[in-house]
>>> print(open('target_0.txt').read())   # compact mmCIF, C-alpha atoms and all ligand atoms
# COMPACT_ATOMS: atom_id res chain seq x y z
CA MET A 1 -2.97 -20.18 -0.43
CA GLY A 2 -2.20 -19.11 3.16
CA LEU A 3 -1.87 -15.53 4.36
CA LYS A 4 1.92 -15.47 4.12
CA GLU A 5 1.94 -16.83 0.57
CA THR A 6 -0.74 -14.35 -0.49
CA ILE A 7 1.23 -11.45 1.01
CA ILE A 8 4.36 -12.54 -0.88
CA LYS A 9 2.56 -13.14 -4.19
CA LEU A 10 0.76 -9.78 -4.06
CA SER A 11 3.83 -7.83 -2.93
CA GLU A 12 5.97 -9.18 -5.76
CA ALA A 13 3.36 -8.42 -8.44
CA PRO A 14 3.52 -5.06 -10.26
CA GLY A 15 0.82 -2.40 -9.80
CA CYS A 16 1.64 1.30 -9.95
CA PRO A 17 -1.25 3.76 -9.44
CA GLY A 18 -3.41 3.53 -12.57
CA PHE A 19 -1.95 0.12 -13.50
CA GLU A 20 -3.44 -2.20 -10.88
CA GLY A 21 -4.79 -4.79 -13.37
CA ASP A 22 -2.41 -7.62 -12.39
CA ILE A 23 -3.26 -7.18 -8.71
CA GLY A 24 -6.98 -7.19 -9.47
CA GLN A 25 -6.53 -10.49 -11.37
CA ILE A 26 -4.76 -12.15 -8.41
CA VAL A 27 -7.44 -10.88 -6.01
CA GLN A 28 -10.19 -12.32 -8.19
CA GLN A 29 -8.42 -15.68 -8.57
CA GLU A 30 -7.87 -15.94 -4.82
CA LEU A 31 -11.48 -15.16 -3.96
CA LYS A 32 -13.15 -17.41 -6.52
CA GLY A 33 -15.62 -19.67 -4.71
CA TYR A 34 -15.33 -17.85 -1.38
CA VAL A 35 -17.69 -14.89 -1.94
CA ASP A 36 -21.20 -14.35 -3.30
CA GLU A 37 -20.25 -11.83 -5.95
CA ILE A 38 -17.19 -10.20 -7.50
CA ARG A 39 -17.42 -7.16 -9.75
CA VAL A 40 -15.00 -4.64 -11.23
CA ASP A 41 -16.00 -1.00 -11.82
CA ALA A 42 -15.05 1.46 -14.55
CA MET A 43 -11.89 2.54 -12.68
CA ASN A 44 -10.79 -1.08 -11.95
CA ASN A 45 -11.72 -1.15 -8.27
CA VAL A 46 -12.53 -4.76 -7.36
CA PHE A 47 -15.57 -5.45 -5.16
CA ALA A 48 -16.13 -8.80 -3.40
CA SER A 49 -19.30 -9.22 -1.37
CA LYS A 50 -20.58 -11.83 1.04
CA GLY A 51 -23.63 -12.10 3.33
CA SER A 52 -26.69 -9.90 3.61
CA GLY A 53 -28.10 -7.11 5.74
CA ARG A 54 -26.57 -3.73 6.45
CA THR A 55 -23.38 -3.02 4.53
CA VAL A 56 -19.85 -2.99 5.95
CA MET A 57 -17.20 -1.81 3.49
CA ILE A 58 -13.59 -2.76 4.15
CA ALA A 59 -11.08 -1.20 1.76
CA ALA A 60 -7.44 -2.00 1.00
CA HIS A 61 -5.55 -0.34 -1.84
CA MET A 62 -3.96 -2.34 -4.65
CA ASP A 63 -1.55 0.31 -5.95
CA GLU A 64 2.09 0.71 -4.94
CA ILE A 65 4.38 3.72 -5.22
CA GLY A 66 6.37 3.72 -8.44
CA LEU A 67 7.53 5.74 -11.43
CA MET A 68 6.37 6.63 -14.94
CA VAL A 69 8.25 7.14 -18.22
CA LYS A 70 8.39 10.89 -18.90
CA HIS A 71 10.99 11.33 -21.64
CA ILE A 72 13.33 9.27 -23.81
CA ASP A 73 16.48 11.05 -24.99
CA GLU A 74 18.40 10.48 -28.25
CA LYS A 75 20.82 8.05 -26.58
CA GLY A 76 17.98 6.00 -25.17
CA PHE A 77 18.13 7.16 -21.56
CA ILE A 78 14.76 7.52 -19.89
CA ARG A 79 13.64 10.30 -17.51
CA PHE A 80 10.79 9.55 -15.16
CA ALA A 81 8.05 11.08 -13.01
CA LYS A 82 7.15 9.80 -9.54
CA LEU A 83 3.82 8.13 -8.75
CA GLY A 84 3.26 8.60 -5.01
CA GLY A 85 5.45 9.75 -2.13
CA ILE A 86 9.02 8.62 -2.80
CA SER A 87 12.16 10.10 -1.27
CA ASP A 88 14.64 10.80 -4.10
CA GLN A 89 17.61 9.29 -2.28
CA LEU A 90 15.91 5.87 -2.29
CA LEU A 91 15.90 5.71 -6.07
CA LEU A 92 19.64 5.69 -6.71
CA GLY A 93 20.88 2.42 -8.14
CA GLN A 94 17.49 0.68 -8.01
CA ARG A 95 16.77 -2.02 -10.55
CA VAL A 96 13.43 -1.38 -12.20
CA THR A 97 10.97 -3.02 -14.56
CA ILE A 98 9.20 -0.94 -17.18
CA HIS A 99 5.84 -2.52 -17.90
CA THR A 100 5.24 -1.94 -21.62
CA LYS A 101 2.42 -3.23 -23.80
CA LYS A 102 5.00 -5.58 -25.37
CA GLY A 103 6.02 -6.95 -21.96
CA PRO A 104 8.38 -6.14 -19.09
CA ILE A 105 11.74 -4.45 -19.78
CA ALA A 106 14.55 -4.48 -17.19
CA GLY A 107 16.40 -1.28 -16.38
CA VAL A 108 18.55 0.43 -13.76
CA ILE A 109 18.39 3.93 -12.33
CA GLY A 110 21.70 5.64 -13.08
CA CYS A 111 23.27 8.96 -12.14
CA LYS A 112 26.62 10.75 -12.30
CA PRO A 113 29.17 8.57 -10.44
CA VAL A 114 30.43 9.82 -7.09
CA HIS A 115 34.02 9.77 -8.43
CA LEU A 116 33.13 12.46 -10.96
CA MET A 117 31.25 14.67 -8.50
CA LYS A 118 32.81 17.83 -7.11
CA ASP A 119 33.12 18.06 -3.29
CA ASP A 120 29.99 20.19 -2.89
CA GLU A 121 27.97 17.88 -5.18
CA ARG A 122 28.90 14.84 -3.07
CA LYS A 123 27.42 16.38 0.06
CA LYS A 124 24.05 17.16 -1.52
CA LEU A 125 21.11 14.83 -1.98
CA LEU A 126 20.60 14.12 -5.64
CA PRO A 127 17.15 15.14 -6.92
CA TYR A 128 15.32 12.59 -9.07
CA GLU A 129 15.45 14.94 -12.07
CA LYS A 130 19.21 14.22 -12.18
CA MET A 131 18.62 10.48 -12.45
CA PHE A 132 17.66 8.43 -15.49
CA ILE A 133 16.87 4.85 -16.45
CA ASP A 134 19.24 2.80 -18.58
CA ILE A 135 17.74 -0.27 -20.28
CA GLY A 136 20.90 -1.06 -22.23
CA GLU A 137 19.75 0.36 -25.56
CA GLY A 138 21.99 2.98 -27.15
CA LYS A 139 19.39 4.97 -29.08
CA ALA A 140 15.87 6.34 -28.68
CA ASP A 141 14.76 4.22 -31.65
CA GLY A 142 15.88 1.05 -29.89
CA VAL A 143 14.03 1.98 -26.70
CA LYS A 144 10.87 2.69 -28.65
CA ALA A 145 11.24 -0.53 -30.69
CA ALA A 146 11.49 -2.43 -27.39
CA GLY A 147 8.01 -1.11 -26.67
CA VAL A 148 8.78 1.65 -24.15
CA LYS A 149 6.38 4.59 -24.43
CA ILE A 150 5.80 7.86 -22.60
CA GLY A 151 3.38 7.09 -19.76
CA ASP A 152 4.48 3.48 -19.16
CA PRO A 153 4.58 2.48 -15.47
CA ILE A 154 7.88 1.59 -13.83
CA VAL A 155 8.02 -0.70 -10.80
CA ILE A 156 11.00 -1.10 -8.49
CA ASN A 157 12.26 -4.62 -8.91
CA ARG A 158 12.32 -6.42 -5.56
CA THR A 159 11.31 -9.88 -4.42
CA VAL A 160 10.28 -10.67 -0.85
CA THR A 161 13.05 -11.70 1.56
CA GLU A 162 12.39 -13.55 4.79
CA LEU A 163 14.26 -12.05 7.73
CA ARG A 164 14.65 -13.81 11.08
CA ARG A 165 11.85 -14.40 13.60
CA GLY A 166 8.89 -14.17 11.28
CA LEU A 167 9.71 -10.83 9.67
CA LEU A 168 9.23 -10.31 5.94
CA CYS A 169 10.88 -7.64 3.78
CA GLY A 170 9.29 -6.56 0.47
CA LYS A 171 8.64 -3.69 -1.89
CA ALA A 172 4.89 -3.20 -1.59
CA PHE A 173 3.49 -4.41 1.72
CA ASP A 174 1.82 -0.96 1.57
CA ASP A 175 -0.82 -2.03 0.89
CA ARG A 176 -0.62 -5.55 -0.58
CA SER A 177 -0.39 -6.92 2.95
CA GLY A 178 -3.71 -5.13 3.54
CA CYS A 179 -5.11 -6.73 0.36
CA ALA A 180 -3.92 -10.18 1.53
CA ILE A 181 -5.49 -9.64 4.97
CA LEU A 182 -8.76 -8.55 3.35
CA ILE A 183 -8.71 -11.69 1.17
CA GLU A 184 -8.20 -13.76 4.33
CA VAL A 185 -11.16 -12.02 6.00
CA LEU A 186 -13.41 -12.55 2.97
CA LYS A 187 -12.44 -16.24 2.85
CA ASN A 188 -12.89 -17.01 6.54
CA ALA A 189 -15.53 -14.71 8.01
CA ARG A 190 -19.17 -15.61 8.36
CA PRO A 191 -20.46 -12.04 8.19
CA LYS A 192 -23.35 -10.97 10.38
CA ASN A 193 -24.10 -8.22 7.86
CA ARG A 194 -23.28 -7.71 4.20
CA LEU A 195 -19.51 -7.46 3.83
CA VAL A 196 -18.12 -5.69 0.77
CA GLY A 197 -14.36 -5.97 0.47
CA VAL A 198 -13.09 -3.28 -1.88
CA PHE A 199 -9.65 -3.52 -3.43
CA THR A 200 -9.10 0.09 -4.40
CA ILE A 201 -6.98 1.79 -7.06
CA GLN A 202 -4.87 4.97 -6.94
CA GLU A 203 -4.70 5.48 -3.16
CA GLU A 204 -1.10 6.69 -3.28
CA VAL A 205 -2.02 9.56 -5.60
CA GLY A 206 -5.03 10.82 -3.67
CA LEU A 207 -7.52 8.18 -2.44
CA ARG A 208 -9.19 8.11 -5.85
CA GLY A 209 -10.48 4.53 -5.88
CA ALA A 210 -11.88 4.73 -2.35
CA THR A 211 -13.66 7.98 -3.23
CA VAL A 212 -15.68 6.51 -6.09
CA SER A 213 -16.15 3.05 -4.56
CA ALA A 214 -17.49 4.38 -1.24
CA PHE A 215 -20.08 6.29 -3.27
CA SER A 216 -21.20 3.20 -5.19
CA VAL A 217 -21.16 0.80 -2.19
CA ASN A 218 -22.95 3.37 0.02
CA PRO A 219 -21.95 1.52 3.23
CA ASP A 220 -23.42 1.79 6.72
CA LEU A 221 -19.94 1.45 8.21
CA GLY A 222 -16.46 1.72 6.68
CA ILE A 223 -13.06 0.35 7.66
CA GLY A 224 -9.84 1.29 5.90
CA VAL A 225 -7.07 -1.31 6.00
CA ASP A 226 -3.53 -0.09 5.40
CA THR A 227 0.01 -0.10 6.78
CA SER A 228 1.39 2.32 9.35
CA ALA A 229 4.92 3.45 10.16
CA ALA A 230 6.45 1.20 12.80
CA ALA A 231 9.56 2.92 14.13
CA ASP A 232 10.93 0.52 16.73
CA HIS A 233 14.44 0.99 15.38
CA PRO A 234 17.38 3.45 15.76
CA GLU A 235 17.18 7.16 14.91
CA VAL A 236 13.54 7.65 15.98
CA GLU A 237 12.57 8.61 19.52
CA GLU A 238 9.85 6.53 21.16
CA TYR A 239 7.48 9.52 21.35
CA GLU A 240 7.98 10.31 17.65
CA GLY A 241 7.16 6.82 16.44
CA PRO A 242 5.65 4.57 19.10
CA ILE A 243 4.21 1.92 16.75
CA LYS A 244 6.07 -1.39 17.05
CA LEU A 245 6.28 -4.66 15.17
CA LYS A 246 4.75 -7.69 16.94
CA ALA A 247 2.55 -5.51 19.14
CA GLY A 248 -0.54 -6.21 17.01
CA PRO A 249 -2.50 -4.13 14.50
CA ALA A 250 -2.69 -0.37 15.04
CA ILE A 251 -6.16 1.06 15.61
CA LEU A 252 -6.18 4.60 14.32
CA ALA A 253 -7.24 7.38 16.69
CA ALA A 254 -6.38 10.11 14.15
CA ASP A 255 -4.28 10.79 11.06
CA GLY A 256 -3.55 13.66 8.70
CA ARG A 257 -0.94 16.31 8.04
CA ARG A 258 1.80 17.19 10.51
CA ASP A 259 1.09 20.27 12.67
CA SER A 260 -2.67 20.23 12.14
CA LEU A 261 -3.97 16.70 11.44
CA GLY A 262 -5.66 18.38 8.49
CA GLY A 263 -6.84 16.36 5.53
CA GLY A 264 -7.04 13.13 7.48
CA LEU A 265 -9.40 11.00 9.52
CA LEU A 266 -10.90 11.54 12.92
CA PRO A 267 -12.68 8.19 13.18
CA ASN A 268 -16.27 7.80 14.25
CA LEU A 269 -15.94 7.38 18.05
CA LYS A 270 -18.41 4.49 18.23
CA VAL A 271 -16.49 2.64 15.51
CA LEU A 272 -13.20 3.36 17.29
CA ASP A 273 -14.46 2.06 20.67
CA TRP A 274 -16.01 -0.96 18.97
CA LEU A 275 -12.71 -1.95 17.34
CA VAL A 276 -10.80 -1.54 20.62
CA GLU A 277 -13.41 -3.52 22.57
CA LEU A 278 -13.39 -6.31 19.98
CA ALA A 279 -9.61 -6.56 20.26
CA GLN A 280 -9.81 -6.66 24.07
CA LYS A 281 -12.67 -9.17 24.17
CA ASN A 282 -10.90 -11.53 21.75
CA ASN A 283 -7.45 -11.13 23.37
CA ILE A 284 -5.98 -9.72 20.17
CA PRO A 285 -2.83 -7.65 20.76
CA HIS A 286 -3.29 -4.13 19.42
CA GLN A 287 -1.87 -0.62 19.71
CA MET A 288 -3.38 2.84 19.38
CA GLU A 289 -2.07 5.22 16.76
CA VAL A 290 -2.04 8.95 16.04
CA PHE A 291 -0.30 9.35 12.68
CA GLU A 292 0.88 12.75 11.45
CA GLY A 293 2.39 11.51 8.18
CA GLY A 294 -0.61 11.42 5.83
CA THR A 295 -3.87 9.58 5.49
CA THR A 296 -5.57 6.58 3.91
CA ASP A 297 -8.69 5.31 2.14
CA GLY A 298 -10.62 5.51 5.45
CA THR A 299 -10.81 9.28 5.01
CA ALA A 300 -12.42 9.04 1.57
CA ILE A 301 -14.96 6.51 2.87
CA GLN A 302 -15.87 8.74 5.82
CA LEU A 303 -16.44 11.76 3.57
CA SER A 304 -18.61 9.92 1.03
CA ARG A 305 -22.17 11.15 0.38
CA GLY A 306 -23.72 12.31 3.70
CA GLY A 307 -20.83 10.85 5.72
CA VAL A 308 -20.05 7.23 6.72
CA PRO A 309 -19.10 6.11 10.26
CA SER A 310 -15.53 4.95 9.63
CA GLY A 311 -12.35 3.71 11.24
CA VAL A 312 -8.93 2.44 10.16
CA VAL A 313 -6.86 -0.55 11.20
CA SER A 314 -3.21 -0.64 10.11
CA LEU A 315 -0.47 -3.21 9.89
CA PRO A 316 2.77 -1.97 11.52
CA SER A 317 5.50 -1.74 8.90
CA ARG A 318 9.07 -0.53 9.26
CA TYR A 319 10.65 1.53 6.45
CA ILE A 320 7.40 2.27 4.63
CA HIS A 321 7.79 3.73 1.12
CA THR A 322 11.42 2.56 0.89
CA PHE A 323 10.80 -0.49 -1.34
CA SER A 324 12.14 -2.59 1.56
CA GLU A 325 9.24 -2.51 3.97
CA VAL A 326 9.38 -4.90 6.94
CA ILE A 327 6.34 -6.49 8.58
CA ALA A 328 5.77 -9.26 11.12
CA LEU A 329 3.58 -12.12 9.93
CA GLU A 330 2.01 -12.46 13.40
CA ASP A 331 0.73 -8.87 13.19
CA ALA A 332 -0.94 -9.65 9.87
CA GLU A 333 -2.57 -12.75 11.40
CA ASN A 334 -3.81 -10.74 14.39
CA MET A 335 -5.13 -8.01 12.10
CA ALA A 336 -7.12 -10.59 10.12
CA ARG A 337 -8.51 -11.96 13.42
CA LEU A 338 -9.62 -8.49 14.51
CA LEU A 339 -11.36 -7.79 11.20
CA VAL A 340 -13.07 -11.20 11.21
CA ALA A 341 -14.33 -10.45 14.74
CA ALA A 342 -15.64 -7.07 13.53
CA VAL A 343 -17.43 -8.57 10.55
CA GLU A 344 -18.99 -11.31 12.66
CA SER A 345 -20.39 -8.97 15.34
CA ASP A 346 -23.23 -6.43 15.60
CA LEU A 347 -22.48 -2.98 14.25
CA PRO A 348 -22.05 -0.13 16.77
CA VAL A 349 -23.88 2.39 14.62
ZN ZN B 1 -0.99 2.63 1.89
>>> encode(input="target_0.txt", output="structure tokens", more="lines below")
Ligand SMILES: [Zn+2]
Amino acid sequence: MGLKETIIKLSEAPGCPGFEGDIGQIVQQELKGYVDEIRVDAMNNVFASKGSGRTVMIAAHMDEIGLMVKHIDEKGFIRFAKLGGISDQLLLGQRVTIHTKKGPIAGVIGCKPVHLMKDDERKKLLPYEKMFIDIGEGKADGVKAAGVKIGDPIVINRTVTELRRGLLCGKAFDDRSGCAILIEVLKNARPKNRLVGVFTIQEEVGLRGATVSAFSVNPDLGIGVDTSAAADHPEVEEYEGPIKLKAGPAILAADGRRDSLGGGLLPNLKVLDWLVELAQKNNIPHQMEVFEGGTTDGTAIQLSRGGVPSGVVSLPSRYIHTFSEVIALEDAENMARLLVAAVESDLPV
């Protein structure tokens, strides 16, 4: 399967935080025969290793933002909790799939219709607590008989659409495109050191998989692979969001919380320079990024044990965390090239 097909297959598969099993299965199928060893740990992180020598860990997270069944009322309407950073206004009217032990159940997120809202209600954003999921059953008993239980994961139901000029639109390119790129790297690279590709769980709820897997891999160098917020579109000033589609992967200079860059990553400077030089030497288009909107698995790797020299490379993506993320296939190809070059060269630390 080529990179594009892998991106599409992984993005369309369901995998809320804590429920990444289907993604792990696809990853293992795709890598069979291409790596020396595949193992799965107690938290369902998937590790694929290749080569020997010092250890380079590259991590991409398997989970996607989603919802969880919180309550079922007498009439069979379902209230939900959020898994990961989701803006409430994006949820209205979404079609969803509840993944129960008995199989998938289709539903829709409903709310009070605009025609019945008072003037002041219409002007306000509706909080998610005022929304509910309708699966078509009329009673709680019916919902339960269908297999729906408190704690079941709910995935927004979206297939991948191809836009013009090599752009793809899908629900979970964050970070399934990263997983697909990492698969591509594991398939094609002839590593100069020992490469451990880690497909992590529960990134969107606090870097949990990367935290435990960095401890067990104990790498000499770490690279986080994720998506970043491309904003080459209306309503964002250039200085607020300079990352663009088709300008190559973003090499992270810093990330973390707005106003302080707290809680994020200040990459190892040797790793940072190494990534930039590799891109330059191999004529791979790339862009530099300072991201004030959060952080990624790279941070958990860096803070593991006594500290790991770490960096992050990100795939530019418009509309991240909207369930309609947009990426350029050529950026994904260039990101895979950069990571292959990194894996095939001497380490800077
Ligand atoms: Zn992500």
>>> residues_around(input="target_0.txt", residues="range 87-103 of chain A", least_positions_apart="6", cutoff="10 Å", atoms="all atoms listed in the file", output="MDAnalysis selection string")
chainID A and resid 14:16 19 66:69 109:111 125:135 145:158 321:323
>>> closest_residue(input="target_0.txt", among="A:Glu64, A:Glu235, A:Asp141, A:Asp73", to="ligand ZN 1 (chain B)", atoms="all atoms listed in the file")
A:Glu64
>>> closest_residue(input="target_0.txt", among="A:Gly307, A:Gly241, A:Pro191, A:Gly298", to="Val340 in chain A", atoms="all atoms listed in the file")
A:Pro191
>>> residues_near_ligand(input="target_0.txt", ligand="ligand ZN 1 (chain B)", cutoff="12 Å", atoms="all atoms listed in the file", output="number ranges by chain")
A: 17, 59-65, 84-85, 172-179, 199-207, 210, 224-229, 293-298, 312-317, 320-321, 325
>>> closest_residue(input="target_0.txt", among="A:Gly248, A:Gly256, A:Pro285, A:Gly264", to="Ile327 in chain A", atoms="all atoms listed in the file")
A:Gly248
>>> residues_around(input="target_0.txt", residues="Lys144 in chain A", least_positions_apart="5", cutoff="9 Å", atoms="all atoms listed in the file", output="PDB file with C-alpha atoms, in the coordinates of the input")
ATOM      1  CA  ILE A  72      13.330   9.270 -23.810  1.00  0.00           C
ATOM      2  CA  GLY A  76      17.980   6.000 -25.170  1.00  0.00           C
ATOM      3  CA  LYS A 139      19.390   4.970 -29.080  1.00  0.00           C
ATOM      4  CA  LYS A 149       6.380   4.590 -24.430  1.00  0.00           C
TER       5      LYS A 149
END
>>> atom_distance(input="target_0.txt", atom1="CA of Glu292 in chain A", atom2="CA of Leu261 in chain A")
6.3 Å
>>> residues_around(input="target_0.txt", residues="range 182-184 of chain A", least_positions_apart="4", cutoff="12 Å", atoms="all atoms listed in the file", output="MDAnalysis selection string")
chainID A and resid 1:7 10 24 26:32 34:35 46:50 57:62 175:178 188:190 195:200 223:226 313:315 332:340 343
>>> write_last_selection(input="target_0.txt", atoms="C-alpha atoms", output="tab-separated table (two decimals), in the coordinates of the input")
chain	number	residue	atom	x	y	z
A	1	MET	CA	-2.97	-20.18	-0.43
A	2	GLY	CA	-2.20	-19.11	3.16
A	3	LEU	CA	-1.87	-15.53	4.36
A	4	LYS	CA	1.92	-15.47	4.12
A	5	GLU	CA	1.94	-16.83	0.57
A	6	THR	CA	-0.74	-14.35	-0.49
A	7	ILE	CA	1.23	-11.45	1.01
A	10	LEU	CA	0.76	-9.78	-4.06
A	24	GLY	CA	-6.98	-7.19	-9.47
A	26	ILE	CA	-4.76	-12.15	-8.41
A	27	VAL	CA	-7.44	-10.88	-6.01
A	28	GLN	CA	-10.19	-12.32	-8.19
A	29	GLN	CA	-8.42	-15.68	-8.57
A	30	GLU	CA	-7.87	-15.94	-4.82
A	31	LEU	CA	-11.48	-15.16	-3.96
A	32	LYS	CA	-13.15	-17.41	-6.52
A	34	TYR	CA	-15.33	-17.85	-1.38
A	35	VAL	CA	-17.69	-14.89	-1.94
A	46	VAL	CA	-12.53	-4.76	-7.36
A	47	PHE	CA	-15.57	-5.45	-5.16
A	48	ALA	CA	-16.13	-8.80	-3.40
A	49	SER	CA	-19.30	-9.22	-1.37
A	50	LYS	CA	-20.58	-11.83	1.04
A	57	MET	CA	-17.20	-1.81	3.49
A	58	ILE	CA	-13.59	-2.76	4.15
A	59	ALA	CA	-11.08	-1.20	1.76
A	60	ALA	CA	-7.44	-2.00	1.00
A	61	HIS	CA	-5.55	-0.34	-1.84
A	62	MET	CA	-3.96	-2.34	-4.65
A	175	ASP	CA	-0.82	-2.03	0.89
A	176	ARG	CA	-0.62	-5.55	-0.58
A	177	SER	CA	-0.39	-6.92	2.95
A	178	GLY	CA	-3.71	-5.13	3.54
A	188	ASN	CA	-12.89	-17.01	6.54
A	189	ALA	CA	-15.53	-14.71	8.01
A	190	ARG	CA	-19.17	-15.61	8.36
A	195	LEU	CA	-19.51	-7.46	3.83
A	196	VAL	CA	-18.12	-5.69	0.77
A	197	GLY	CA	-14.36	-5.97	0.47
A	198	VAL	CA	-13.09	-3.28	-1.88
A	199	PHE	CA	-9.65	-3.52	-3.43
A	200	THR	CA	-9.10	0.09	-4.40
A	223	ILE	CA	-13.06	0.35	7.66
A	224	GLY	CA	-9.84	1.29	5.90
A	225	VAL	CA	-7.07	-1.31	6.00
A	226	ASP	CA	-3.53	-0.09	5.40
A	313	VAL	CA	-6.86	-0.55	11.20
A	314	SER	CA	-3.21	-0.64	10.11
A	315	LEU	CA	-0.47	-3.21	9.89
A	332	ALA	CA	-0.94	-9.65	9.87
A	333	GLU	CA	-2.57	-12.75	11.40
A	334	ASN	CA	-3.81	-10.74	14.39
A	335	MET	CA	-5.13	-8.01	12.10
A	336	ALA	CA	-7.12	-10.59	10.12
A	337	ARG	CA	-8.51	-11.96	13.42
A	338	LEU	CA	-9.62	-8.49	14.51
A	339	LEU	CA	-11.36	-7.79	11.20
A	340	VAL	CA	-13.07	-11.20	11.21
A	343	VAL	CA	-17.43	-8.57	10.55
